[in-house]
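Engineer: Below is run07.cif; it holds mmCIF, C-alpha atoms and all ligand atoms.
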data_coords
loop_
_atom_site.label_atom_id
_atom_site.label_comp_id
_atom_site.auth_asym_id
_atom_site.auth_seq_id
_atom_site.Cartn_x
_atom_site.Cartn_y
_atom_site.Cartn_z
CA MET A 787 -69.96 31.80 30.35
CA ASN A 788 -73.24 33.64 30.94
CA TYR A 789 -73.89 35.64 34.09
CA ASN A 790 -76.78 33.65 35.60
CA ILE A 791 -79.54 35.15 37.72
CA ALA A 792 -82.00 32.83 39.53
CA PHE A 793 -85.33 34.34 40.47
CA VAL A 794 -88.02 32.75 42.66
CA PRO A 795 -91.24 34.76 43.03
CA VAL A 796 -93.66 34.02 45.88
CA ARG A 797 -96.58 35.90 47.38
CA LYS A 798 -98.49 35.70 50.61
CA GLY A 799 -101.95 35.62 49.06
CA SER A 800 -101.49 32.35 47.20
CA LYS A 801 -104.75 30.50 46.53
CA GLY A 802 -105.38 26.77 46.08
CA VAL A 803 -103.13 25.69 48.94
CA SER A 804 -103.11 28.62 51.36
CA GLY A 805 -99.78 29.72 52.85
CA LYS A 806 -98.09 27.02 50.79
CA ASN A 807 -94.65 28.62 50.56
CA THR A 808 -94.08 28.55 54.32
CA ARG A 809 -95.95 25.30 54.88
CA LEU A 810 -93.74 22.34 55.80
CA LEU A 811 -93.35 19.72 53.11
CA CYS A 812 -91.79 16.71 54.86
CA GLY A 813 -90.37 19.04 57.52
CA LYS A 814 -89.06 21.80 55.23
CA PRO A 815 -90.90 24.95 54.09
CA LEU A 816 -91.97 24.49 50.47
CA LEU A 817 -90.03 27.56 49.40
CA CYS A 818 -86.78 26.11 50.77
CA TRP A 819 -86.87 23.04 48.54
CA ILE A 820 -86.04 25.05 45.42
CA LEU A 821 -83.84 27.57 47.27
CA ASP A 822 -81.73 24.75 48.81
CA THR A 823 -81.20 23.29 45.33
CA LEU A 824 -80.26 26.65 43.82
CA VAL A 825 -77.83 27.47 46.63
CA GLN A 826 -76.27 23.98 46.60
CA SER A 827 -75.82 24.11 42.82
CA SER A 828 -73.33 27.02 42.93
CA PHE A 829 -74.42 27.61 39.31
CA PHE A 830 -75.78 31.11 39.90
CA ASP A 831 -74.10 34.47 40.21
CA GLU A 832 -77.18 35.80 42.02
CA ILE A 833 -80.18 34.09 43.60
CA TRP A 834 -83.23 36.25 44.35
CA LEU A 835 -86.43 35.67 46.26
CA ALA A 836 -89.14 38.14 45.21
CA THR A 837 -91.73 38.39 47.95
CA ASP A 838 -94.40 40.56 49.54
CA CYS A 839 -94.40 38.47 52.71
CA ASP A 840 -92.44 39.05 55.93
CA GLU A 841 -92.49 35.39 56.92
CA THR A 842 -90.90 34.12 53.70
CA GLU A 843 -88.31 36.90 53.95
CA LYS A 844 -87.49 35.92 57.54
CA ILE A 845 -87.16 32.22 56.73
CA THR A 846 -84.92 32.99 53.75
CA ILE A 847 -82.59 35.37 55.58
CA GLY A 848 -82.37 32.95 58.55
CA ARG A 849 -81.51 29.94 56.37
CA TYR A 850 -79.35 31.43 53.60
CA GLY A 851 -78.06 34.80 54.84
CA GLU A 852 -76.39 36.65 51.98
CA GLU A 853 -76.63 33.69 49.60
CA VAL A 854 -80.21 34.53 48.66
CA LYS A 855 -81.08 38.19 48.15
CA ILE A 856 -84.52 39.57 48.86
CA TYR A 857 -86.49 41.68 46.41
CA ARG A 858 -89.61 43.22 47.97
CA ARG A 859 -92.17 43.03 45.18
CA SER A 860 -94.83 45.73 44.98
CA ASP A 861 -98.43 45.05 46.05
CA THR A 862 -99.60 45.63 42.48
CA SER A 863 -97.38 42.81 41.20
CA ALA A 864 -98.64 40.43 43.90
CA THR A 865 -102.42 40.37 43.46
CA ASP A 866 -104.48 37.35 42.41
CA LYS A 867 -104.73 38.88 38.96
CA SER A 868 -101.02 39.75 38.52
CA SER A 869 -99.10 37.81 35.90
CA VAL A 870 -95.64 36.55 36.74
CA MET A 871 -94.28 38.88 34.01
CA GLU A 872 -95.24 41.92 36.11
CA VAL A 873 -92.92 41.00 38.96
CA ILE A 874 -90.19 39.88 36.56
CA LYS A 875 -90.22 43.18 34.64
CA GLU A 876 -90.52 45.19 37.85
CA PHE A 877 -87.43 43.40 39.20
CA ILE A 878 -85.44 43.84 36.01
CA PHE A 879 -86.21 47.56 35.75
CA TRP A 880 -85.00 47.90 39.33
CA ARG A 881 -81.93 45.61 39.20
CA GLU A 882 -80.86 46.64 35.65
CA PRO A 883 -78.89 43.52 34.67
CA ALA A 884 -76.97 43.46 31.36
CA ASP A 885 -78.95 42.47 28.25
CA SER A 886 -76.76 39.40 27.82
CA ASP A 887 -77.31 38.08 31.38
CA TRP A 888 -79.30 34.87 31.62
CA PHE A 889 -82.49 35.22 33.69
CA CYS A 890 -83.89 32.02 35.21
CA LEU A 891 -87.34 31.83 36.74
CA PHE A 892 -87.93 28.93 39.13
CA GLN A 893 -91.40 28.24 40.50
CA SER A 894 -91.37 27.20 44.16
CA THR A 895 -94.41 25.08 43.37
CA SER A 896 -92.08 22.63 41.61
CA PRO A 897 -89.92 21.70 44.60
CA PHE A 898 -88.17 18.68 43.06
CA THR A 899 -86.32 20.42 40.26
CA THR A 900 -82.96 18.65 40.15
CA LEU A 901 -79.38 19.88 39.87
CA GLY A 902 -79.12 17.84 36.67
CA ASP A 903 -82.10 19.63 35.09
CA ILE A 904 -80.66 23.03 35.99
CA LYS A 905 -77.21 22.07 34.70
CA LYS A 906 -78.71 20.95 31.40
CA MET A 907 -80.66 24.20 31.08
CA LEU A 908 -77.58 26.35 31.75
CA GLU A 909 -75.48 24.32 29.31
CA MET A 910 -78.11 24.92 26.64
CA ALA A 911 -78.14 28.61 27.53
CA ASN A 912 -74.35 28.78 27.24
CA SER A 913 -74.40 27.06 23.85
CA GLY A 914 -75.75 30.33 22.43
CA ARG A 915 -78.31 28.40 20.32
CA TYR A 916 -81.38 29.46 22.31
CA ASP A 917 -83.14 32.72 23.19
CA SER A 918 -85.19 31.06 25.91
CA ILE A 919 -85.61 27.65 27.55
CA VAL A 920 -88.54 25.86 29.20
CA SER A 921 -88.85 22.66 31.24
CA CYS A 922 -91.30 20.08 29.92
CA VAL A 923 -92.49 16.68 30.93
CA ARG A 924 -93.45 13.85 28.58
CA LEU A 925 -96.93 12.42 29.04
CA LYS A 926 -97.89 9.09 27.56
CA LYS A 927 -101.61 9.85 27.38
CA PHE A 928 -103.85 9.79 24.38
CA ARG A 929 -105.44 13.16 23.72
CA TRP A 930 -108.88 13.71 22.22
CA SER A 931 -110.33 16.77 20.51
CA GLU A 932 -113.52 18.48 21.71
CA THR A 933 -115.15 17.06 18.61
CA ALA A 934 -114.40 13.47 19.64
CA THR A 935 -111.40 12.70 17.43
CA PRO A 936 -108.30 11.00 18.85
CA LEU A 937 -105.32 13.29 18.33
CA ASP A 938 -102.53 10.79 18.86
CA TYR A 939 -103.62 7.68 16.95
CA SER A 940 -106.01 6.32 14.37
CA PHE A 941 -108.56 3.66 15.26
CA ALA A 942 -106.88 1.34 12.78
CA ASN A 943 -103.48 1.74 14.37
CA LYS A 944 -103.40 2.44 18.08
CA PRO A 945 -99.86 2.09 19.49
CA ARG A 946 -99.11 0.18 22.69
CA ARG A 947 -98.08 2.53 25.50
CA GLN A 948 -94.51 1.16 25.33
CA ASP A 949 -94.28 2.11 21.65
CA TYR A 950 -95.94 5.49 22.01
CA LYS A 951 -93.71 8.57 22.16
CA GLY A 952 -96.27 10.67 24.02
CA PHE A 953 -96.20 14.46 23.98
CA LEU A 954 -94.56 17.30 25.87
CA VAL A 955 -96.30 19.49 28.44
CA GLU A 956 -94.89 22.48 30.33
CA SER A 957 -93.82 21.17 33.75
CA GLY A 958 -93.91 24.59 35.40
CA SER A 959 -90.49 24.00 36.99
CA PHE A 960 -88.39 26.64 35.20
CA TYR A 961 -88.36 29.18 32.41
CA SER A 962 -85.29 31.11 31.33
CA ALA A 963 -84.17 33.64 28.75
CA SER A 964 -81.64 36.36 28.12
CA VAL A 965 -82.52 39.64 29.82
CA ARG A 966 -82.82 41.13 26.32
CA ILE A 967 -85.73 38.77 25.55
CA VAL A 968 -87.39 39.31 28.93
CA LEU A 969 -87.35 43.06 28.43
CA SER A 970 -88.35 43.19 24.79
CA GLU A 971 -91.01 40.46 24.58
CA PRO A 972 -94.38 40.08 26.30
CA TYR A 973 -93.48 36.67 27.77
CA ILE A 974 -90.27 35.06 29.02
CA LEU A 975 -90.39 32.46 26.24
CA SER A 976 -89.68 33.82 22.80
CA GLY A 977 -87.46 33.38 19.73
CA GLU A 978 -85.60 30.06 19.48
CA VAL A 979 -86.98 28.08 22.44
CA GLY A 980 -85.08 25.13 23.89
CA ILE A 981 -86.74 22.35 25.91
CA VAL A 982 -85.31 20.52 28.91
CA GLU A 983 -87.27 17.32 29.37
CA VAL A 984 -87.58 16.62 33.09
CA ASP A 985 -88.52 13.42 34.94
CA SER A 986 -92.30 13.01 35.04
CA GLU A 987 -92.03 11.28 38.45
CA LEU A 988 -90.62 14.46 40.01
CA ALA A 989 -92.20 17.21 37.95
CA ILE A 990 -95.06 18.26 40.16
CA ASP A 991 -96.60 21.76 39.96
CA ILE A 992 -98.40 22.31 43.28
CA ASP A 993 -101.66 24.12 42.67
CA GLU A 994 -104.38 22.19 44.52
CA PRO A 995 -104.51 20.37 47.90
CA ARG A 996 -104.32 17.07 46.03
CA ASP A 997 -100.99 18.15 44.49
CA TRP A 998 -99.67 18.84 47.98
CA MET A 999 -100.44 15.25 49.02
CA GLU A 1000 -98.69 13.96 45.93
CA ALA A 1001 -95.67 16.16 46.69
CA GLU A 1002 -95.50 14.73 50.22
CA TYR A 1003 -95.60 11.25 48.78
CA ILE A 1004 -92.80 12.03 46.29
CA ALA A 1005 -90.67 13.72 48.97
CA ALA A 1006 -91.07 10.86 51.42
CA ASN A 1007 -90.74 7.97 48.97
CA THR A 1008 -88.38 9.27 46.32
CA ILE A 1009 -86.33 12.30 47.28
CA LEU A 1010 -85.60 11.54 50.92
CA LYS A 1011 -84.69 7.94 50.02
CA LEU A 1012 -82.05 8.94 47.44
C1 LIG A 1101 -94.03 31.34 34.02
C2 LIG A 1101 -95.51 31.11 33.97
O1 LIG A 1101 -96.09 31.13 32.90
N1 LIG A 1101 -96.11 30.92 35.12
C3 LIG A 1101 -97.56 30.77 35.25
C4 LIG A 1101 -97.86 29.36 35.77
C5 LIG A 1101 -97.51 28.27 34.73
O2 LIG A 1101 -98.24 28.50 33.54
C6 LIG A 1101 -97.89 26.89 35.27
O3 LIG A 1101 -97.27 26.68 36.51
C7 LIG A 1101 -97.46 25.82 34.26
O4 LIG A 1101 -97.80 24.56 34.75
O5 LIG A 1101 -99.26 29.24 36.04
C8 LIG A 1101 -99.78 30.17 36.99
O6 LIG A 1101 -99.19 29.92 38.25
C9 LIG A 1101 -101.30 29.95 37.10
O7 LIG A 1101 -101.91 29.75 36.06
O8 LIG A 1101 -101.81 30.04 38.21
C10 LIG A 1101 -99.53 31.59 36.55
C11 LIG A 1101 -98.05 31.81 36.26
O9 LIG A 1101 -97.85 33.10 35.72
#
Just give me the structure of the file as structure tokens.
Structural biologist:
Amino acid sequence: MNYNIAFVPVRKGSKGVSGKNTRLLCGKPLLCWILDTLVQSSFFDEIWLATDCDETEKITIGRYGEEVKIYRRSDTSATDKSSVMEVIKEFIFWREPADSDWFCLFQSTSPFTTLGDIKKMLEMANSGRYDSIVSCVRLKKFRWSETATPLDYSFANKPRRQDYKGFLVESGSFYSASVRIVLSEPYILSGEVGIVEVDSELAIDIDEPRDWMEAEYIAANTILKL
């Protein structure tokens, strides 16, 4: 069994939807949707929130106590230009987990990540077949090239949507890898990559105000009705 570390980075200066992590999505701060799921899962040996923001820290301590640990990320890893790898590497240099530990990044902007998706990802991790794992969603759209050529069919043989397999797109929900990969490679995905295909109805990645409205719709009409 791997030693599993869940890591959720947030920052106060988020653009697109301002203050989104503390904003209430159907009555619950956005950040708490993924943290609730991680805590309820009991799949993780450690759950970390990496933040530069007092308010997210306060909400997290108040709701989860010791169950979610706080990592105060540096200002340099929390600018508009910072890549997520900066805060991940900063955290790992500080925390010094074992090379064989399994590091799981969850984006709070995908609040409807399910226990089933996480279980599948950790089972794949435990199988020892993968160096890293990413969540993807299947889209049944027909892509076109910039030079006006259809990429997914020929004019002579266009499939019906029901018969079309579609293609996979990163959902943004989670990314995971052994600590060895995270430390030695430029990106969290590397080596033999496994894919967890997640439900396209739930796999939102909140970036723009329009995404927030869609998330509210999904929360009200799907999640809270389950
Ligand atoms: C792990 C990772 O790569 N995260 C990146 C995500 C995903 O690429 C996106 O959520 C996929 O949908 O995009 C950003 O938030 C963005 O471009 O603003 C930057 C962030 O570093």
Engineer: Find the distance between atom CA of A:Arg946 and atom CA of A:Ala989 and write it in Å to one decimal.
Structural biologist: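 Computed distance, atom CA of A:Arg946 to atom CA of A:Ala989, equals 23.9 Å.
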Engineer: Determine the nearest neighbour of A:Ser869 from the options A:Ile992, A:Arg797, A:Gly914, A:Lys906, counting only C-alpha atoms.
Structural biologist: A:Arg797
Engineer: Could you list, as a list in words, every residue within 7 Å of A:Phe953, counting all atoms listed in the file and ignoring same-chain residues fewer than 3 positions away?
Structural biologist: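 Once the nearby chain positions are removed, what remains is Arg924, Leu925 and Lys926 of chain A.
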Engineer: Could you give me the residues within 6 Å of ligand LIG 1101 (chain A), counting all atoms listed in the file, as a list in words?
Structural biologist: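 Based on all atoms listed in the file, ligand LIG 1101 (chain A) is surrounded within 6 Å by Ser869, Val870, Glu956, Ser957 and Gly958 of chain A.
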Engineer: Measuring between all atoms listed in the file, which one of A:Ser800, A:Thr895, A:Ser868, A:Ser886 shows the shortest distance to A:Cys818?
Structural biologist: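 Checking each of A:Ser800, A:Thr895, A:Ser868, A:Ser886 against A:Cys818, counting all atoms listed in the file, the winner is A:Thr895.
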Engineer: Taking only C-alpha atoms into account, which of A:Cys812, A:Thr837, A:Trp930, A:Arg947 comes nearest A:Thr1008?
Structural biologist: A:Cys812
Engineer: Give the answer as one residue: which of A:Ala884, A:Asn1007, A:Glu841, A:Leu821 has the shortest atom-to-atom distance to A:Arg809, using all atoms listed in the file?
Structural biologist: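 Among the listed residues, A:Glu841 lies closest to A:Arg809.
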Engineer: To one decimal place in Å, what is the distance between atom CA of A:Trp998 and atom CA of A:Asn790?
Structural biologist: 29.9 Å
Engineer: One decimal, Å: what's the distance from atom CA of A:Pro883 over to atom CA of A:Gly980, could you say?
Structural biologist: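 These atoms are spaced 22.2 Å apart.
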Engineer: Mind checking which residues fall within 10 Å of A:Asp822, counting all atoms listed in the file, ignoring those fewer than 4 positions away in the same chain, and posting them as an mmCIF file with C-alpha atoms, in the frame of the given file?
Structural biologist:
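Once written, around-v9.cif looks like this:
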data_model
loop_
_atom_site.group_PDB
_atom_site.id
_atom_site.type_symbol
_atom_site.label_atom_id
_atom_site.label_comp_id
_atom_site.auth_asym_id
_atom_site.auth_seq_id
_atom_site.Cartn_x
_atom_site.Cartn_y
_atom_site.Cartn_z
ATOM 1 C CA LEU A 817 -90.030 27.560 49.400
ATOM 2 C CA CYS A 818 -86.780 26.110 50.770
ATOM 3 C CA GLN A 826 -76.270 23.980 46.600
ATOM 4 C CA SER A 827 -75.820 24.110 42.820
ATOM 5 C CA ARG A 849 -81.510 29.940 56.370
ATOM 6 C CA TYR A 850 -79.350 31.430 53.600
ATOM 7 C CA VAL A 854 -80.210 34.530 48.660
ATOM 8 C CA PRO A 897 -89.920 21.700 44.600
#
Engineer: Would you list the contacts of A:Lys855 as a list in words, taking every protein, DNA or RNA residue within 7 Å and counting all atoms listed in the file, but skipping same-chain residues closer than 2 positions in sequence?
Structural biologist: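 Here the answer would be Ile833, Trp834, Leu835, Glu852, Glu853 and Tyr857 of chain A.
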Engineer: Store the residues picked out above in a file with C-alpha atoms, as an mmCIF file, in the frame of the given file.
Structural biologist:
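So out16.cif came out as:
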data_model
loop_
_atom_site.group_PDB
_atom_site.id
_atom_site.type_symbol
_atom_site.label_atom_id
_atom_site.label_comp_id
_atom_site.auth_asym_id
_atom_site.auth_seq_id
_atom_site.Cartn_x
_atom_site.Cartn_y
_atom_site.Cartn_z
ATOM 1 C CA ILE A 833 -80.180 34.090 43.600
ATOM 2 C CA TRP A 834 -83.230 36.250 44.350
ATOM 3 C CA LEU A 835 -86.430 35.670 46.260
ATOM 4 C CA GLU A 852 -76.390 36.650 51.980
ATOM 5 C CA GLU A 853 -76.630 33.690 49.600
ATOM 6 C CA TYR A 857 -86.490 41.680 46.410
#
Engineer: Name the closest residue to A:Glu872 among the candidates A:Leu969, A:Ile990, A:Leu824, A:Leu901; distances are taken between atoms, counting all atoms listed in the file.
Structural biologist: A:Leu969
Engineer: Return the single residue from A:Leu811, A:Met910, A:Leu1010, A:Leu975 that is closest to A:Leu891, with distances computed using all atoms listed in the file.
Structural biologist: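 For A:Leu891, the nearest of the given residues is A:Leu975.
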Engineer: Kindly extract all protein, DNA and RNA residues lying within 12 Å of the coordinates (-93.9, 21.2, 31.2) given in the file, considering all atoms listed in the file, and supply them as a ChimeraX atom specification.
Structural biologist: /A:893,896,899,919-925,953-961,981-986,988-991
Engineer: For stretch 926-942 of chain A, where the input has fewer atoms than it should, I would like N, CA, C and O atoms rebuilt and written as a PDB file, in the frame of the given file.
Structural biologist:
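Once everything was written out, this is selection34.pdb:
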ATOM      1  N   LYS A 926     -97.473  10.156  28.483  1.00  0.00           N
ATOM      2  CA  LYS A 926     -97.890   9.090  27.560  1.00  0.00           C
ATOM      3  C   LYS A 926     -99.390   8.886  27.706  1.00  0.00           C
ATOM      4  O   LYS A 926     -99.857   7.867  28.220  1.00  0.00           O
ATOM      5  N   LYS A 927    -100.140   9.910  27.340  1.00  0.00           N
ATOM      6  CA  LYS A 927    -101.610   9.850  27.380  1.00  0.00           C
ATOM      7  C   LYS A 927    -102.091  10.034  25.956  1.00  0.00           C
ATOM      8  O   LYS A 927    -101.395  10.639  25.132  1.00  0.00           O
ATOM      9  N   PHE A 928    -103.286   9.605  25.715  1.00  0.00           N
ATOM     10  CA  PHE A 928    -103.850   9.790  24.380  1.00  0.00           C
ATOM     11  C   PHE A 928    -104.864  10.931  24.427  1.00  0.00           C
ATOM     12  O   PHE A 928    -105.858  10.853  25.135  1.00  0.00           O
ATOM     13  N   ARG A 929    -104.565  11.982  23.689  1.00  0.00           N
ATOM     14  CA  ARG A 929    -105.440  13.160  23.720  1.00  0.00           C
ATOM     15  C   ARG A 929    -106.612  13.018  22.742  1.00  0.00           C
ATOM     16  O   ARG A 929    -106.493  12.354  21.716  1.00  0.00           O
ATOM     17  N   TRP A 930    -107.695  13.676  23.080  1.00  0.00           N
ATOM     18  CA  TRP A 930    -108.880  13.710  22.220  1.00  0.00           C
ATOM     19  C   TRP A 930    -109.281  15.160  21.979  1.00  0.00           C
ATOM     20  O   TRP A 930    -109.135  16.009  22.863  1.00  0.00           O
ATOM     21  N   SER A 931    -109.835  15.421  20.800  1.00  0.00           N
ATOM     22  CA  SER A 931    -110.330  16.770  20.510  1.00  0.00           C
ATOM     23  C   SER A 931    -111.725  16.939  21.119  1.00  0.00           C
ATOM     24  O   SER A 931    -112.377  15.953  21.477  1.00  0.00           O
ATOM     25  N   GLU A 932    -112.166  18.184  21.200  1.00  0.00           N
ATOM     26  CA  GLU A 932    -113.520  18.480  21.710  1.00  0.00           C
ATOM     27  C   GLU A 932    -114.580  17.869  20.803  1.00  0.00           C
ATOM     28  O   GLU A 932    -115.716  17.668  21.199  1.00  0.00           O
ATOM     29  N   THR A 933    -114.183  17.619  19.560  1.00  0.00           N
ATOM     30  CA  THR A 933    -115.150  17.060  18.610  1.00  0.00           C
ATOM     31  C   THR A 933    -115.002  15.536  18.484  1.00  0.00           C
ATOM     32  O   THR A 933    -115.359  14.937  17.467  1.00  0.00           O
ATOM     33  N   ALA A 934    -114.464  14.928  19.524  1.00  0.00           N
ATOM     34  CA  ALA A 934    -114.400  13.470  19.640  1.00  0.00           C
ATOM     35  C   ALA A 934    -113.543  12.786  18.572  1.00  0.00           C
ATOM     36  O   ALA A 934    -113.947  11.773  17.984  1.00  0.00           O
ATOM     37  N   THR A 935    -112.362  13.343  18.338  1.00  0.00           N
ATOM     38  CA  THR A 935    -111.400  12.700  17.430  1.00  0.00           C
ATOM     39  C   THR A 935    -110.127  12.442  18.231  1.00  0.00           C
ATOM     40  O   THR A 935    -109.646  13.342  18.918  1.00  0.00           O
ATOM     41  N   PRO A 936    -109.575  11.227  18.148  1.00  0.00           N
ATOM     42  CA  PRO A 936    -108.300  11.000  18.850  1.00  0.00           C
ATOM     43  C   PRO A 936    -107.181  11.761  18.144  1.00  0.00           C
ATOM     44  O   PRO A 936    -107.101  11.758  16.922  1.00  0.00           O
ATOM     45  N   LEU A 937    -106.354  12.457  18.930  1.00  0.00           N
ATOM     46  CA  LEU A 937    -105.320  13.290  18.330  1.00  0.00           C
ATOM     47  C   LEU A 937    -104.000  12.548  18.150  1.00  0.00           C
ATOM     48  O   LEU A 937    -103.146  12.981  17.397  1.00  0.00           O
ATOM     49  N   ASP A 938    -103.844  11.435  18.867  1.00  0.00           N
ATOM     50  CA  ASP A 938    -102.530  10.790  18.860  1.00  0.00           C
ATOM     51  C   ASP A 938    -102.513   9.420  18.198  1.00  0.00           C
ATOM     52  O   ASP A 938    -101.493   8.745  18.212  1.00  0.00           O
ATOM     53  N   TYR A 939    -103.616   8.972  17.662  1.00  0.00           N
ATOM     54  CA  TYR A 939    -103.620   7.680  16.950  1.00  0.00           C
ATOM     55  C   TYR A 939    -104.847   7.598  16.061  1.00  0.00           C
ATOM     56  O   TYR A 939    -105.771   8.395  16.182  1.00  0.00           O
ATOM     57  N   SER A 940    -104.807   6.601  15.161  1.00  0.00           N
ATOM     58  CA  SER A 940    -106.010   6.320  14.370  1.00  0.00           C
ATOM     59  C   SER A 940    -106.628   5.040  14.913  1.00  0.00           C
ATOM     60  O   SER A 940    -105.903   4.208  15.474  1.00  0.00           O
ATOM     61  N   PHE A 941    -107.904   4.864  14.725  1.00  0.00           N
ATOM     62  CA  PHE A 941    -108.560   3.660  15.260  1.00  0.00           C
ATOM     63  C   PHE A 941    -107.942   2.386  14.670  1.00  0.00           C
ATOM     64  O   PHE A 941    -107.905   1.349  15.312  1.00  0.00           O
ATOM     65  N   ALA A 942    -107.440   2.515  13.451  1.00  0.00           N
ATOM     66  CA  ALA A 942    -106.880   1.340  12.780  1.00  0.00           C
ATOM     67  C   ALA A 942    -105.480   1.000  13.292  1.00  0.00           C
ATOM     68  O   ALA A 942    -104.970  -0.083  13.040  1.00  0.00           O
TER      69      ALA A 942
END
